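Have a look at the structure below before the remarks.
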Amino acid sequence: MMRPQMIRRTELYHFFHFFPNAAPPNVRIIHSGHACNIEEERYTERVYTIREGETLELTCLVSGHPRPQIRWTKTAGSATDRFQDSSVFNETLRITRIQRHQGGRYYCKAENGLGTPAIKSIRVDVYYLDDPIVTVHQSIGEAKEQFYYERTVFLRCAANSNPPVRYSWKRGREFLSQGSDKGVEIYEPFFTQGETKILKLKNLRPQDYANYTCTASVRNVCGIPDKSVLFRLTNKTASPSIKLLVEDPIVANPGQTVTLVCIISGGEPNPTLTWVRNGEELPKKSVLNGGTLTIPAISTEEAGVYSCVASNNVGNPAKKSTNIVVRALKKGRFWITPDPYHNDDNIQIGREVKISCQVEATPPEELMFSWLKNGRPLRSSERMVITQTDPDVAPGTTNLDIIDLKFTDFGTYTCVASLKNGGIPEISIDVNISSTTVPPNLTVPRGKSPLATQEGDTVELQCLVSGKPKPIILWSRADKEVPMPDGNMQTESYDGVLRIVNVSREMSGTYRCQTSQYNGFNVKPREAIVELIVQYPPAVEPVYTEIRQGLGRPFSLSCRVLRAHPSRVLTYEWKLGTRLLTTGKFDTRDETEYHVRALNREGYGAYTCDITNEAGAGRCTFLVTGKAYPPEFYYDTYSALWQNKPRVYGFKLQWTQMNPNAVDRIMAYRLGIKQTGHQRWWEQEIPIEDNIQKGELLTYNLTELIKPEAYQVRLTPITRFGEGDSTERIIHYSEASRDTAPVNPHWSKFHCGFEEDTICMFTQDKTEEFDWTRHSAATRDTKYTPNTGPSSDRTGSKQGFYMYIETSRPRLEGDKARLLTPSFNVAPKNPYGNVAANPTYCFSFYYHMYGKHIGTLNVYLRQKSQTGQDTSVWTLSGNQGDRWRQARVNINPTSSFQIILEGIRGSGIEGDIAIDDVTIEEGECRDPPPSSNIRSLASPAAVHIWQLCLTFLLVLVGLRR
């Protein structure tokens, strides 16, 4: 016998044989919408904060083959906690106008039958701030109605909020704080959580009678503004008091109009009156006019305790209540008790018989009973004893005991119930006592058990009841403790028939019918059992599966029966669209399979498997398609790219392809882009030359994007089958990540003239003694450093900007300032190829080194692969004259790199060094232009030697002539 572990391995082998690209599910959660304080690109953030009333939108991005099914839950294991205005089984969970109670941890679960399901979670924190409320209290034990001198008063401010609220107090226009006034204390009670909220006025003084303002703040978190409340404290401030001008209780007849009057007898500020019934809302037809509450045509359902509540936030609210009782008589019941001293249950001459009658009455103290025999009043006597109450039974019961039953006692006995004050129709119950009065009996008609029916039909369960009088029949489930179809544990029937509409498979089982003690004999209940069999079509799995497959490949489809009744006769039928593929019958297996050895174009479409029994069919559906899976954007991409234009930015779009080998090779992507809020899409195709590998990062550069607009980008893969699933995302212009993000690897030239405040993503090295300064000649103050620094930028404009080191005090000799370029990726020859061997770049810049105390200007190359090792590539020291000069140097980075421009302060304040027009260009440096000075690439000593050599060469030429 094969072990279960071996069977499992065999199943996996066959699965992977037919699904060679099978992969277990993987999942991650991204968000969009109205997040308060989460950066758009940081999809790994596990807490999502949102303002109450905004729209929550979470998307579950999955990978895996076959395509995993996605389910959103609020508990890790089940989907029972469903969400308002959301679809649990969609990839995107959307909750419009989210409320505070909808915060919590949300789980996205993906499963495709391979391995364990993938689960990710994210906590949603809903932020809100309610209007604050100020309540006023005197010190404990001082219960006078008004606030006199020598009293301590507490002003308590409270507001519901998330995150915790901060409170501040003002008296008039004066801000109050602890210690600012000896007669005032501001503190937090030890039994609350939050920040300071109670204002204590000790030994109330005349100046304490004022306007007090409490401001609640969450410090503008989520854009929630501060909220304030004003309370005016005077020498007349008092807690509310009221009077209720009605009786208690109020007894009314149904249909009567009831009016309640509540008046305010004290309180400052003027209290507000509200009415409640049983602590909840009033009946909808209630009419309120100030303190007067009117209930027209009151019904028994509208009875209850009505309370008038007055509040002015001073002391405790005042409350007065009255109970409204609506007269009512509910349907009565009766039962007959034969002589308890005999074993048989029949009524016989000479024995004792008791007739019991029960009625529910409101109010119960007004209930009255009377008895009739054959329509004539019956009085209590020695042989016919009438009692109004019985301690052994429920209240509202009367008994008629007939002692030593005689033939003349046979007849109709009537129990009449009424209320003392009238206004309610009386209830009469007739009970026949005769020689034919017999105990009940129950049987099930032949052929009515077991009873077979099909799901969705209407069925009638029947028990035949005999006996006189005929009792009520109670139906219940005999096989399990579950409610009946109507939701009750027992269902009454007066004819012995239980009718079930739209019967379901859960209603299968045994049902008990039994006699009730009411409307019959007070004897041991009779009962019978009816078995109900509900037939239903097969339940199958999977109900729906999408299979993506390339042409020429094999795949297998499997449809399994979970449960069915009857299960002995099952047939299956496979179809592609309307074309019949194969049919058959089930043997001992519970599933059927259909295999396709090599998929052709006609093989795409919807495959169905119908599994049928006598009750109907269950269907498995498989959509076989060649559509490519959606691409998945790489959300760690930095935001805006620097471009050499003032009003535009670029963006490097990065993505991976979900299951690229599941279908035919992706030949291209269709890229769509539009400004958010606009309707028009601009589209183009991005061709793909080679096969895309799983996990391979693809890139495409978006340029000419207008600052600071946001754009919606849509990416659609294209195969021989046609267009695949699209993915969309929003890109934003942001300055936040420019300091650390590598510049687009496909640039051909980087240029910066420092004309914008962002200085082209250059950064200052904060570990050195001081920073480079951005300035223009028109704004720079040179009174402290005369005869130094440039008089214009490199182009000759006094309005143009450049960077320089300010060497005035407190700078000391040898102090350094370092300016770092952005990080640059080394460009490969193609988007998917390797880095070219020893790529060369030309780094050039203009410098101005004029003044007698000029120090040194150094240039270093910093590479990512050589952490902590900066390579010197250029250096120059000393006074170079009052002019801009150009330097050029070739660099050969092997990994991502930065250029460092280091200025070192000389021996005095006349040593400002400036730079401008920094350029990095692919390829080697060309010859310097005629306007540049070759000496700018050498030191003064080297220039002097070069001049001597040139003079000597000219002398030799003259001698030869």
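Going through the structure tokens in order, the chains are called A, B, and so on, while each chain numbers its residues from 1 and the ligands are numbered from 1 in the order shown.
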
Distance query Leu570 (chain A) at most 7 Å, only C-alpha atoms, self and fewer than 6 positions along chain excluded, as an MDAnalysis selection string: chainID A and resid 585:586 611:613

Export of the given selection (C-alpha atoms) as an mmCIF file, in the first residue's frame:
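Final output, out32.cif:
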data_model
loop_
_atom_site.group_PDB
_atom_site.id
_atom_site.type_symbol
_atom_site.label_atom_id
_atom_site.label_comp_id
_atom_site.auth_asym_id
_atom_site.auth_seq_id
_atom_site.Cartn_x
_atom_site.Cartn_y
_atom_site.Cartn_z
ATOM 1 C CA LYS A 585 -18.676 7.939 -15.743
ATOM 2 C CA PHE A 586 -16.961 8.044 -12.382
ATOM 3 C CA ILE A 611 -20.261 16.622 -13.358
ATOM 4 C CA THR A 612 -23.888 15.489 -13.146
ATOM 5 C CA ASN A 613 -26.128 13.495 -10.825
#

What's around Leu464 (chain A) at 12 Å? Count only C-alpha atoms, leave out sequence neighbours fewer than 5 positions away in its own chain, and write the answer as a list in words. Pro440, Asn441, Leu442, Thr443, Val444, Pro445, Arg446, Lys448, Lys470, Pro471, Ile472, Ile473, Ser493, Tyr494, Asp495, Gly496, Val497, Leu498, Cys513, Gln514, Thr515, Arg526, Glu527, Ala528, Ile529 and Val530 of chain A

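Take CA of Leu671 (chain A) and CA of Pro631 (chain A): the distance between them is 11.6 Å.
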
Neighbour list for Ala216 (chain A) as a VMD selection string, cut-off 7 Å, only C-alpha atoms, skip fewer than 4 positions in-chain: chain A and resid 132 165 to 168 226 to 228

Which polymer residues have any atom within 10 Å of an atom of region 453-459 of chain A, counting only C-alpha atoms, with same-chain residues fewer than 5 positions away left out, as a list in words? Leu498, Arg499, Ile500, Val501, Asn502, Val503, Ser504, Arg505, Glu506, Met507, Ser508, Leu532, Ile533, Val534, Gln535, Tyr536, Pro537, His565, Glu614, Ala615 and Gly616 of chain A

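Once Ser380 (chain A) and its same-chain neighbours fewer than 3 positions away are set aside, Trp371, Arg383, Met384, Val385, Ile386, Thr387, Leu400 and Asp401 of chain A remain within 10 Å of it when counting only C-alpha atoms.
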
Produce a file of the selected residues containing N, CA, C and O atoms, as a compact mmCIF listing (two decimals), in the first residue's frame.
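The resulting file, result25.txt, is shown below:
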# COMPACT_ATOMS: atom_id res chain seq x y z
N TRP A 371 -65.66 32.52 34.06
CA TRP A 371 -65.91 31.24 33.40
C TRP A 371 -67.38 31.12 32.99
O TRP A 371 -68.28 31.61 33.69
N ARG A 383 -67.95 21.47 44.06
CA ARG A 383 -67.58 20.49 43.04
C ARG A 383 -66.92 21.13 41.83
O ARG A 383 -66.24 20.46 41.08
N MET A 384 -67.14 22.43 41.65
CA MET A 384 -66.48 23.16 40.56
C MET A 384 -65.74 24.34 41.18
O MET A 384 -66.35 25.36 41.50
N VAL A 385 -64.43 24.15 41.37
CA VAL A 385 -63.61 25.13 42.09
C VAL A 385 -62.86 26.00 41.10
O VAL A 385 -62.11 25.50 40.25
N ILE A 386 -63.11 27.32 41.20
CA ILE A 386 -62.43 28.28 40.31
C ILE A 386 -61.35 28.99 41.12
O ILE A 386 -61.61 29.54 42.19
N THR A 387 -60.11 28.95 40.63
CA THR A 387 -58.99 29.69 41.25
C THR A 387 -58.40 30.64 40.20
O THR A 387 -58.23 30.28 39.03
N LEU A 400 -60.10 25.73 36.48
CA LEU A 400 -61.44 25.21 36.84
C LEU A 400 -61.27 23.72 37.15
O LEU A 400 -60.97 22.94 36.24
N ASP A 401 -61.45 23.38 38.43
CA ASP A 401 -61.36 21.98 38.85
C ASP A 401 -62.76 21.40 38.95
O ASP A 401 -63.62 21.90 39.72

Would you give me, as a ChimeraX atom specification, the residues in region 496-717 of chain A that DSSP reads as strand (DSSP E)? /A:497-500,509-515,520-521,527-541,544-548,555-565,571-576,579-585,591-596,605-613,616-625,631-633,648-657,668-675,682-687,698-706,711-717
